[in-house]
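> upload06.cif is the file, holding mmCIF, C-alpha atoms:
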data_work
loop_
_atom_site.group_PDB
_atom_site.id
_atom_site.type_symbol
_atom_site.label_atom_id
_atom_site.label_comp_id
_atom_site.auth_asym_id
_atom_site.auth_seq_id
_atom_site.Cartn_x
_atom_site.Cartn_y
_atom_site.Cartn_z
ATOM 1 C CA MET A 1362 17.888 -16.654 -69.846
ATOM 2 C CA ASN A 1363 21.544 -16.832 -68.912
ATOM 3 C CA LEU A 1364 22.939 -17.545 -65.433
ATOM 4 C CA LYS A 1365 23.697 -13.897 -64.698
ATOM 5 C CA THR A 1366 20.126 -12.822 -65.504
ATOM 6 C CA ARG A 1367 18.642 -15.602 -63.358
ATOM 7 C CA SER A 1368 20.882 -14.601 -60.441
ATOM 8 C CA ILE A 1369 19.736 -10.974 -60.674
ATOM 9 C CA MET A 1370 16.078 -12.040 -60.746
ATOM 10 C CA VAL A 1371 16.543 -14.281 -57.691
ATOM 11 C CA ILE A 1372 18.155 -11.412 -55.754
ATOM 12 C CA LEU A 1373 15.370 -9.014 -56.759
ATOM 13 C CA LEU A 1374 12.733 -11.553 -55.741
ATOM 14 C CA PHE A 1375 14.421 -12.021 -52.363
ATOM 15 C CA VAL A 1376 14.579 -8.270 -51.753
ATOM 16 C CA LEU A 1377 10.910 -7.851 -52.678
ATOM 17 C CA THR A 1378 9.902 -10.724 -50.382
ATOM 18 C CA VAL A 1379 11.788 -9.315 -47.400
ATOM 19 C CA THR A 1380 10.421 -5.809 -48.032
ATOM 20 C CA PHE A 1381 6.857 -7.129 -48.217
ATOM 21 C CA ALA A 1382 7.299 -9.164 -45.033
ATOM 22 C CA LEU A 1383 8.597 -6.149 -43.140
ATOM 23 C CA ALA A 1384 5.716 -4.050 -44.392
ATOM 24 C CA ILE A 1385 3.006 -6.384 -43.122
ATOM 25 C CA THR A 1386 4.692 -7.507 -39.872
ATOM 26 C CA PRO A 1387 3.735 -5.283 -36.941
ATOM 27 C CA PRO A 1388 6.719 -3.837 -35.094
ATOM 28 C CA VAL A 1389 7.665 -5.544 -31.846
ATOM 29 C CA LYS A 1390 7.033 -3.206 -28.933
ATOM 30 C CA ALA A 1391 10.124 -2.349 -26.974
ATOM 31 C CA ALA A 1392 10.176 -3.019 -23.266
ATOM 32 C CA GLN A 1393 10.416 -0.015 -20.969
ATOM 33 C CA THR A 1394 11.380 0.342 -17.346
ATOM 34 C CA GLY A 1395 8.923 1.590 -14.757
ATOM 35 C CA GLU A 1396 8.958 2.019 -10.998
ATOM 36 C CA VAL A 1397 6.116 0.944 -8.715
ATOM 37 C CA ASP A 1398 4.390 4.201 -7.774
ATOM 38 C CA THR A 1399 2.397 3.272 -4.678
ATOM 39 C CA GLN A 1400 2.922 3.127 -0.930
ATOM 40 C CA LEU A 1401 1.423 -0.338 -0.912
ATOM 41 C CA SER A 1402 2.285 -3.361 -3.039
ATOM 42 C CA LEU A 1403 1.255 -3.668 -6.688
ATOM 43 C CA ASN A 1404 -0.524 -6.887 -7.611
ATOM 44 C CA VAL A 1405 0.758 -9.045 -10.465
ATOM 45 C CA ARG A 1406 -2.067 -10.897 -12.205
ATOM 46 C CA GLU A 1407 -2.143 -13.856 -14.567
ATOM 47 C CA ALA A 1408 -4.150 -11.891 -17.144
ATOM 48 C CA PRO A 1409 -4.727 -8.189 -17.931
ATOM 49 C CA SER A 1410 -7.919 -7.924 -15.884
ATOM 50 C CA LEU A 1411 -8.864 -6.890 -12.340
ATOM 51 C CA ASN A 1412 -10.766 -10.161 -12.110
ATOM 52 C CA ALA A 1413 -7.685 -12.233 -12.936
ATOM 53 C CA THR A 1414 -5.955 -14.252 -10.232
ATOM 54 C CA VAL A 1415 -3.165 -12.498 -8.320
ATOM 55 C CA ILE A 1416 0.069 -14.471 -8.731
ATOM 56 C CA GLY A 1417 2.319 -12.168 -6.730
ATOM 57 C CA SER A 1418 3.160 -8.558 -5.995
ATOM 58 C CA LEU A 1419 5.778 -5.876 -6.585
ATOM 59 C CA LEU A 1420 7.022 -3.633 -3.793
ATOM 60 C CA PRO A 1421 6.954 0.190 -3.725
ATOM 61 C CA GLY A 1422 9.938 1.626 -5.558
ATOM 62 C CA GLN A 1423 10.737 -1.668 -7.276
ATOM 63 C CA GLN A 1424 11.803 -1.288 -10.891
ATOM 64 C CA VAL A 1425 10.378 -3.599 -13.515
ATOM 65 C CA GLU A 1426 10.667 -4.015 -17.271
ATOM 66 C CA TYR A 1427 7.302 -4.158 -18.993
ATOM 67 C CA ILE A 1428 5.647 -3.950 -22.388
ATOM 68 C CA ASP A 1429 2.837 -1.395 -22.469
ATOM 69 C CA LEU A 1430 -0.243 -3.079 -23.963
ATOM 70 C CA GLU A 1431 -1.857 0.369 -24.298
ATOM 71 C CA ASN A 1432 -5.006 -0.768 -22.504
ATOM 72 C CA GLY A 1433 -3.978 0.182 -18.993
ATOM 73 C CA TRP A 1434 -1.930 -2.987 -18.511
ATOM 74 C CA GLY A 1435 1.727 -3.849 -18.802
ATOM 75 C CA GLN A 1436 3.109 -7.296 -19.591
ATOM 76 C CA ILE A 1437 5.999 -8.449 -17.410
ATOM 77 C CA THR A 1438 7.947 -11.562 -16.572
ATOM 78 C CA TYR A 1439 7.349 -12.445 -12.930
ATOM 79 C CA GLN A 1440 9.391 -15.249 -11.364
ATOM 80 C CA GLY A 1441 9.794 -16.924 -14.740
ATOM 81 C CA GLN A 1442 6.161 -16.676 -15.789
ATOM 82 C CA LEU A 1443 3.996 -14.247 -17.705
ATOM 83 C CA GLY A 1444 2.326 -11.585 -15.561
ATOM 84 C CA PHE A 1445 0.394 -8.346 -15.925
ATOM 85 C CA VAL A 1446 0.356 -5.151 -13.848
ATOM 86 C CA SER A 1447 -1.621 -1.924 -14.002
ATOM 87 C CA THR A 1448 0.466 0.747 -15.725
ATOM 88 C CA ALA A 1449 -1.404 3.393 -13.718
ATOM 89 C CA PHE A 1450 0.955 2.568 -10.857
ATOM 90 C CA LEU A 1451 4.200 2.592 -12.841
ATOM 91 C CA SER A 1452 6.278 5.721 -13.271
ATOM 92 C CA GLU A 1453 9.841 7.031 -13.119
ATOM 93 C CA GLY A 1454 11.472 7.652 -9.752
ATOM 94 C CA ALA A 1455 8.167 7.582 -7.880
ATOM 95 C CA TRP A 1456 9.267 6.235 -4.501
ATOM 96 C CA GLU A 1457 12.215 8.589 -4.265
ATOM 97 C CA ARG A 1458 9.892 11.562 -4.788
ATOM 98 C CA VAL A 1459 7.485 10.295 -2.128
ATOM 99 C CA GLU A 1460 10.297 9.721 0.361
ATOM 100 C CA GLU A 1461 11.731 13.177 -0.306
ATOM 101 C CA GLU A 1462 8.328 14.771 0.265
ATOM 102 C CA LYS A 1463 8.016 12.864 3.543
ATOM 103 C CA HIS A 1464 11.466 13.998 4.689
ATOM 104 C CA VAL A 1465 10.598 17.605 3.909
ATOM 105 C CA GLU A 1466 7.290 17.305 5.739
ATOM 106 C CA GLU A 1467 8.989 15.667 8.725
ATOM 107 C CA LYS A 1468 11.686 18.366 8.831
ATOM 108 C CA HIS A 1469 9.134 21.154 9.094
ATOM 109 C CA ALA A 1470 6.570 19.271 11.164
ATOM 110 C CA ARG A 1471 5.591 20.534 14.583
ATOM 111 C CA LYS A 1472 5.759 18.249 17.584
ATOM 112 C CA PRO A 1473 2.522 16.313 18.122
ATOM 113 C CA ASP A 1474 1.695 18.154 21.349
ATOM 114 C CA GLU A 1475 2.192 21.531 19.635
ATOM 115 C CA SER A 1476 -0.111 20.642 16.746
ATOM 116 C CA ARG A 1477 -2.775 19.449 19.164
ATOM 117 C CA GLU A 1478 -2.541 22.695 21.163
ATOM 118 C CA GLU A 1479 -3.110 24.724 18.006
ATOM 119 C CA ASN A 1480 -6.070 22.654 16.879
ATOM 120 C CA PRO A 1481 -8.975 25.140 16.775
ATOM 121 C CA ASP A 1482 -11.515 22.342 17.217
ATOM 122 C CA GLN A 1483 -9.904 20.744 20.262
ATOM 123 C CA SER A 1484 -12.649 21.934 22.611
ATOM 124 C CA GLU A 1485 -15.272 20.429 20.289
ATOM 125 C CA ARG A 1486 -13.753 16.978 19.949
ATOM 126 C CA GLN A 1487 -16.256 14.243 19.255
ATOM 127 C CA GLU A 1488 -16.131 11.386 21.707
ATOM 128 C CA ILE A 1489 -15.036 8.124 20.104
ATOM 129 C CA GLU A 1490 -17.471 5.292 20.775
ATOM 130 C CA ARG A 1491 -17.761 3.354 17.513
ATOM 131 C CA ILE A 1492 -14.629 2.246 15.682
ATOM 132 C CA ILE A 1493 -14.149 0.304 12.475
ATOM 133 C CA LEU A 1494 -10.935 -1.693 12.109
ATOM 134 C CA ASP A 1495 -9.724 -2.373 8.589
ATOM 135 C CA PRO A 1496 -7.140 -5.148 8.152
ATOM 136 C CA GLY A 1497 -5.914 -4.413 4.614
ATOM 137 C CA HIS A 1498 -5.794 -6.840 1.679
ATOM 138 C CA GLY A 1499 -7.064 -10.418 2.172
ATOM 139 C CA GLY A 1500 -8.090 -13.361 0.038
ATOM 140 C CA LYS A 1501 -6.635 -13.150 -3.465
ATOM 141 C CA ASP A 1502 -4.735 -9.990 -2.465
ATOM 142 C CA PRO A 1503 -1.796 -10.976 -0.207
ATOM 143 C CA GLY A 1504 -0.424 -7.454 0.150
ATOM 144 C CA ALA A 1505 3.326 -7.090 0.673
ATOM 145 C CA ILE A 1506 5.309 -10.341 0.673
ATOM 146 C CA GLY A 1507 8.720 -10.943 2.194
ATOM 147 C CA ASN A 1508 10.727 -13.134 4.570
ATOM 148 C CA SER A 1509 8.070 -15.877 4.548
ATOM 149 C CA LEU A 1510 5.377 -13.374 5.522
ATOM 150 C CA GLN A 1511 2.235 -12.238 3.772
ATOM 151 C CA GLU A 1512 0.943 -8.863 4.881
ATOM 152 C CA LYS A 1513 -2.686 -9.980 4.894
ATOM 153 C CA ASP A 1514 -2.015 -12.633 7.562
ATOM 154 C CA VAL A 1515 0.085 -10.501 9.907
ATOM 155 C CA ILE A 1516 -2.280 -7.545 10.017
ATOM 156 C CA LEU A 1517 -5.392 -9.667 10.498
ATOM 157 C CA GLU A 1518 -3.904 -11.056 13.697
ATOM 158 C CA ILE A 1519 -2.965 -7.564 14.900
ATOM 159 C CA ALA A 1520 -6.439 -6.235 14.063
ATOM 160 C CA LYS A 1521 -8.081 -9.033 16.047
ATOM 161 C CA LEU A 1522 -5.945 -8.163 19.062
ATOM 162 C CA VAL A 1523 -6.916 -4.500 18.733
ATOM 163 C CA GLU A 1524 -10.579 -5.477 18.437
ATOM 164 C CA PHE A 1525 -10.433 -7.595 21.596
ATOM 165 C CA LYS A 1526 -8.740 -4.830 23.608
ATOM 166 C CA LEU A 1527 -11.122 -2.125 22.416
ATOM 167 C CA ARG A 1528 -14.209 -4.214 23.169
ATOM 168 C CA ALA A 1529 -12.846 -4.930 26.643
ATOM 169 C CA LYS A 1530 -12.729 -1.172 27.231
ATOM 170 C CA GLY A 1531 -16.333 -0.674 26.133
ATOM 171 C CA TYR A 1532 -15.890 0.481 22.534
ATOM 172 C CA ASP A 1533 -18.302 -0.656 19.836
ATOM 173 C CA VAL A 1534 -16.087 -2.249 17.160
ATOM 174 C CA LEU A 1535 -16.681 -3.518 13.628
ATOM 175 C CA MET A 1536 -14.132 -5.259 11.374
ATOM 176 C CA THR A 1537 -14.075 -4.941 7.581
ATOM 177 C CA ARG A 1538 -12.940 -8.568 7.475
ATOM 178 C CA THR A 1539 -12.490 -11.226 10.138
ATOM 179 C CA ASP A 1540 -10.913 -13.932 8.003
ATOM 180 C CA ASP A 1541 -8.882 -14.382 4.809
ATOM 181 C CA THR A 1542 -11.487 -12.727 2.590
ATOM 182 C CA PHE A 1543 -10.974 -10.219 -0.203
ATOM 183 C CA VAL A 1544 -12.896 -6.988 0.379
ATOM 184 C CA THR A 1545 -12.771 -4.172 -2.166
ATOM 185 C CA LEU A 1546 -11.718 -0.686 -1.106
ATOM 186 C CA GLU A 1547 -15.158 0.558 -2.094
ATOM 187 C CA ASP A 1548 -16.880 -1.961 0.187
ATOM 188 C CA ARG A 1549 -14.583 -1.086 3.097
ATOM 189 C CA VAL A 1550 -15.477 2.577 2.771
ATOM 190 C CA LYS A 1551 -19.177 1.844 2.254
ATOM 191 C CA LEU A 1552 -19.279 -0.265 5.408
ATOM 192 C CA ALA A 1553 -17.668 2.506 7.462
ATOM 193 C CA ASN A 1554 -19.906 5.265 6.124
ATOM 194 C CA THR A 1555 -23.075 3.191 6.422
ATOM 195 C CA TRP A 1556 -22.377 2.084 9.969
ATOM 196 C CA GLY A 1557 -21.663 5.671 10.976
ATOM 197 C CA VAL A 1558 -18.491 5.154 13.004
ATOM 198 C CA ASP A 1559 -16.479 7.783 14.874
ATOM 199 C CA LEU A 1560 -13.071 6.520 13.748
ATOM 200 C CA PHE A 1561 -11.665 4.426 10.889
ATOM 201 C CA VAL A 1562 -8.387 2.584 11.575
ATOM 202 C CA SER A 1563 -6.728 0.734 8.691
ATOM 203 C CA ILE A 1564 -3.907 -1.626 9.661
ATOM 204 C CA HIS A 1565 -1.116 -2.600 7.264
ATOM 205 C CA ALA A 1566 2.455 -3.864 7.018
ATOM 206 C CA ASN A 1567 4.944 -2.210 4.702
ATOM 207 C CA GLY A 1568 7.154 -3.543 1.928
ATOM 208 C CA TYR A 1569 9.971 -2.000 -0.094
ATOM 209 C CA TYR A 1570 12.488 -3.234 -2.659
ATOM 210 C CA ASP A 1571 15.340 -1.883 -0.494
ATOM 211 C CA SER A 1572 15.351 -4.338 2.402
ATOM 212 C CA SER A 1573 17.092 -1.846 4.696
ATOM 213 C CA ALA A 1574 13.860 0.179 5.013
ATOM 214 C CA LYS A 1575 12.265 -0.481 8.407
ATOM 215 C CA GLY A 1576 10.069 1.005 11.110
ATOM 216 C CA ILE A 1577 6.542 2.204 11.798
ATOM 217 C CA GLU A 1578 4.621 5.089 10.249
ATOM 218 C CA THR A 1579 1.067 6.362 10.480
ATOM 219 C CA PHE A 1580 -0.976 8.223 7.859
ATOM 220 C CA TYR A 1581 -4.103 10.334 8.187
ATOM 221 C CA ASN A 1582 -6.666 11.858 5.849
ATOM 222 C CA ALA A 1583 -5.554 15.344 4.872
ATOM 223 C CA GLY A 1584 -7.680 18.213 6.121
ATOM 224 C CA SER A 1585 -8.797 16.490 9.322
ATOM 225 C CA TRP A 1586 -7.289 17.877 12.531
ATOM 226 C CA GLU A 1587 -8.943 15.070 14.471
ATOM 227 C CA ALA A 1588 -7.306 12.413 12.296
ATOM 228 C CA LYS A 1589 -3.922 14.176 12.615
ATOM 229 C CA ASP A 1590 -4.198 14.236 16.411
ATOM 230 C CA ILE A 1591 -5.213 10.563 16.596
ATOM 231 C CA ALA A 1592 -2.440 9.571 14.174
ATOM 232 C CA ASP A 1593 0.119 11.392 16.345
ATOM 233 C CA LEU A 1594 -1.102 9.665 19.497
ATOM 234 C CA VAL A 1595 -1.236 6.216 17.906
ATOM 235 C CA GLN A 1596 2.258 6.601 16.443
ATOM 236 C CA GLU A 1597 3.677 7.798 19.780
ATOM 237 C CA ASN A 1598 2.177 4.931 21.727
ATOM 238 C CA VAL A 1599 2.988 2.178 19.234
ATOM 239 C CA ILE A 1600 6.614 3.343 19.207
ATOM 240 C CA SER A 1601 6.606 3.519 23.010
ATOM 241 C CA GLU A 1602 5.309 -0.039 23.266
ATOM 242 C CA THR A 1603 7.499 -1.605 20.566
ATOM 243 C CA SER A 1604 10.695 0.535 20.679
ATOM 244 C CA ASN A 1605 10.815 0.167 16.909
ATOM 245 C CA LEU A 1606 12.008 2.962 14.608
ATOM 246 C CA SER A 1607 9.530 5.808 14.106
ATOM 247 C CA ARG A 1608 9.318 6.877 10.466
ATOM 248 C CA GLY A 1609 6.838 9.626 11.304
ATOM 249 C CA VAL A 1610 3.246 10.721 10.780
ATOM 250 C CA PHE A 1611 2.120 11.916 7.355
ATOM 251 C CA LYS A 1612 -0.997 12.983 5.516
ATOM 252 C CA ALA A 1613 -1.939 10.716 2.609
ATOM 253 C CA ASP A 1614 -4.476 10.403 -0.171
ATOM 254 C CA TYR A 1615 -5.221 6.691 0.108
ATOM 255 C CA TYR A 1616 -8.684 5.648 -1.047
ATOM 256 C CA VAL A 1617 -9.875 4.491 2.384
ATOM 257 C CA LEU A 1618 -8.688 7.755 3.953
ATOM 258 C CA ARG A 1619 -10.052 10.013 1.243
ATOM 259 C CA HIS A 1620 -13.552 8.552 0.949
ATOM 260 C CA THR A 1621 -14.465 7.877 4.570
ATOM 261 C CA ASP A 1622 -16.761 10.411 6.264
ATOM 262 C CA MET A 1623 -15.065 10.219 9.659
ATOM 263 C CA PRO A 1624 -11.498 10.775 10.921
ATOM 264 C CA ALA A 1625 -9.381 8.019 9.380
ATOM 265 C CA ILE A 1626 -5.840 6.788 9.940
ATOM 266 C CA LEU A 1627 -3.680 4.040 8.428
ATOM 267 C CA VAL A 1628 -0.986 2.377 10.541
ATOM 268 C CA GLU A 1629 2.001 0.675 8.880
ATOM 269 C CA THR A 1630 3.219 -1.741 11.559
ATOM 270 C CA GLY A 1631 6.607 -2.662 10.061
ATOM 271 C CA PHE A 1632 8.306 -3.902 6.886
ATOM 272 C CA VAL A 1633 7.894 -7.535 5.855
ATOM 273 C CA SER A 1634 10.750 -6.875 3.424
ATOM 274 C CA ASN A 1635 13.183 -6.100 6.275
ATOM 275 C CA LYS A 1636 14.625 -9.084 8.170
ATOM 276 C CA LYS A 1637 14.511 -7.442 11.595
ATOM 277 C CA ASP A 1638 11.013 -6.072 11.155
ATOM 278 C CA ALA A 1639 9.824 -9.378 9.700
ATOM 279 C CA LYS A 1640 11.187 -11.228 12.735
ATOM 280 C CA LEU A 1641 9.256 -8.834 14.956
ATOM 281 C CA LEU A 1642 6.059 -9.170 12.912
ATOM 282 C CA LYS A 1643 6.274 -12.961 13.298
ATOM 283 C CA SER A 1644 6.456 -12.522 17.067
ATOM 284 C CA LYS A 1645 3.272 -12.746 19.150
ATOM 285 C CA ASP A 1646 4.836 -10.350 21.653
ATOM 286 C CA TYR A 1647 5.430 -7.688 19.002
ATOM 287 C CA ARG A 1648 1.911 -8.008 17.603
ATOM 288 C CA GLU A 1649 0.587 -7.648 21.133
ATOM 289 C CA GLN A 1650 2.718 -4.523 21.651
ATOM 290 C CA VAL A 1651 1.509 -2.965 18.397
ATOM 291 C CA ALA A 1652 -2.124 -3.658 19.314
ATOM 292 C CA LYS A 1653 -1.615 -2.238 22.792
ATOM 293 C CA GLY A 1654 -0.043 0.924 21.354
ATOM 294 C CA ILE A 1655 -2.905 1.486 18.911
ATOM 295 C CA VAL A 1656 -5.488 1.120 21.670
ATOM 296 C CA LYS A 1657 -3.566 3.429 24.020
ATOM 297 C CA GLY A 1658 -3.340 6.074 21.323
ATOM 298 C CA ILE A 1659 -7.081 5.973 20.727
ATOM 299 C CA GLU A 1660 -7.790 6.077 24.462
ATOM 300 C CA LYS A 1661 -5.622 9.161 24.984
ATOM 301 C CA TYR A 1662 -7.448 11.168 22.355
#
Output the structure of this file as structure tokens.

Amino acid sequence: MNLKTRSIMVILLFVLTVTFALAITPPVKAAQTGEVDTQLSLNVREAPSLNATVIGSLLPGQQVEYIDLENGWGQITYQGQLGFVSTAFLSEGAWERVEEEKHVEEKHARKPDESREENPDQSERQEIERIILDPGHGGKDPGAIGNSLQEKDVILEIAKLVEFKLRAKGYDVLMTRTDDTFVTLEDRVKLANTWGVDLFVSIHANGYYDSSAKGIETFYNAGSWEAKDIADLVQENVISETSNLSRGVFKADYYVLRHTDMPAILVETGFVSNKKDAKLLKSKDYREQVAKGIVKGIEKY
């Protein structure tokens, strides 16, 4: 076999080897970009499982590159380490669509007093005696994180202040959590429905990738005039007490609002991702003002 023939055979062998390797090597999945599609923060876990430890969170509207594992989880790089997020909450342009819908709703919304006057059930209002307060997140779920604040800590303190003030006025109050404990959404709802309360109040702090977003907003379960009226009153009074920016009152489809059997509202007390709001949320005076506003709103119903 001459040199030329050996050279041809070596080249052919190399080509066959490369072709075979490509045929048996699975293609590397390309990363894609998604946007956090939730009003609340999206947990980042150390493994693709709901039981895995939470190592951080992504804010609403935040864009992230991820590899779809095709099992409901996406693999990401979070602060230099491997992380996993639920792909159910990743989409394209989600936050912008939500904000646009809120602006449209706000533009055409009636004034709170007008909506209350048109409420056909106003004369049949149920007196509020038993209230459940729901400080969101807790334990392994920190909620929104920003400016040295964790949502779960801020809102627990506010909820405790609300509880104290309501009890002092004779209301029967139950808390879904009283310490840094993780409570599932299902258990929060079950507790409220089992106890048979007259009002469900969930307390949260906001977070957004654009740090200029700030202010207070209140949500209510769609289809409930009572919840809409209470949400209006709570928003009005919290803004009156704090002088913070009012982002408005909106209906929402959050789990704790959708599955509770009584009027339910969710109060977003400020943005931990905004420096000014975060400074306020760190202040005992501001937390006191927020609590006072929530209680006043409930009282005026």
> Please identify all polymer residues within 10 Å of A:Asp1541, counting only C-alpha atoms, omitting same-chain residues fewer than 3 positions from it, and present them as a list in words.
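Result of the neighbour search: Pro1496, His1498, Gly1499, Gly1500, Lys1501, Asp1502, Pro1503, Lys1513, Asp1514, Leu1517, Arg1538 and Val1544 of chain A.
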> Taking the file as shown, find all residues satisfying the PyMOL selection byres ((chain A and resi 1637-1643) around 8) and write them as a list in words.
Gly1507, Asn1508, Leu1510, Val1515, Lys1575, Gly1576, Gly1631, Phe1632, Val1633, Ser1634, Asn1635, Lys1636, Ser1644, Lys1645, Tyr1647 and Arg1648 of chain A
> Using only C-alpha atoms, which residue out of A:Ile1437, A:Val1562, A:Leu1443, A:Ile1655 lies closest to A:Val1617?
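Checking each of A:Ile1437, A:Val1562, A:Leu1443, A:Ile1655 against A:Val1617, counting only C-alpha atoms, the winner is A:Val1562.
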> Measure the distance from atom CA of A:Gln1596 to atom CA of A:Thr1579 in Å and round it to one decimal.
6.1 Å
> Nearest to A:Ser1452: which of A:Val1397, A:Leu1430, A:Val1651, A:Val1415 is it, counting all atoms listed in the file?
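For A:Ser1452, the nearest of the given residues is A:Val1397.
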> Suppose you want the space between atom CA of A:Tyr1569 and atom CA of A:Gly1504; what is it in Å?
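Separation of atom CA of A:Tyr1569 and atom CA of A:Gly1504: 11.7 Å.
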> Considering only C-alpha atoms, state which residue in the set A:Trp1556, A:Glu1488, A:Leu1494, A:Arg1619 is at the smallest distance from A:Leu1527.
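Smallest distance to A:Leu1527 is found for A:Leu1494.
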> Between atom CA of A:Pro1624 and atom CA of A:Arg1549, what is the spacing in Å?
14.5 Å
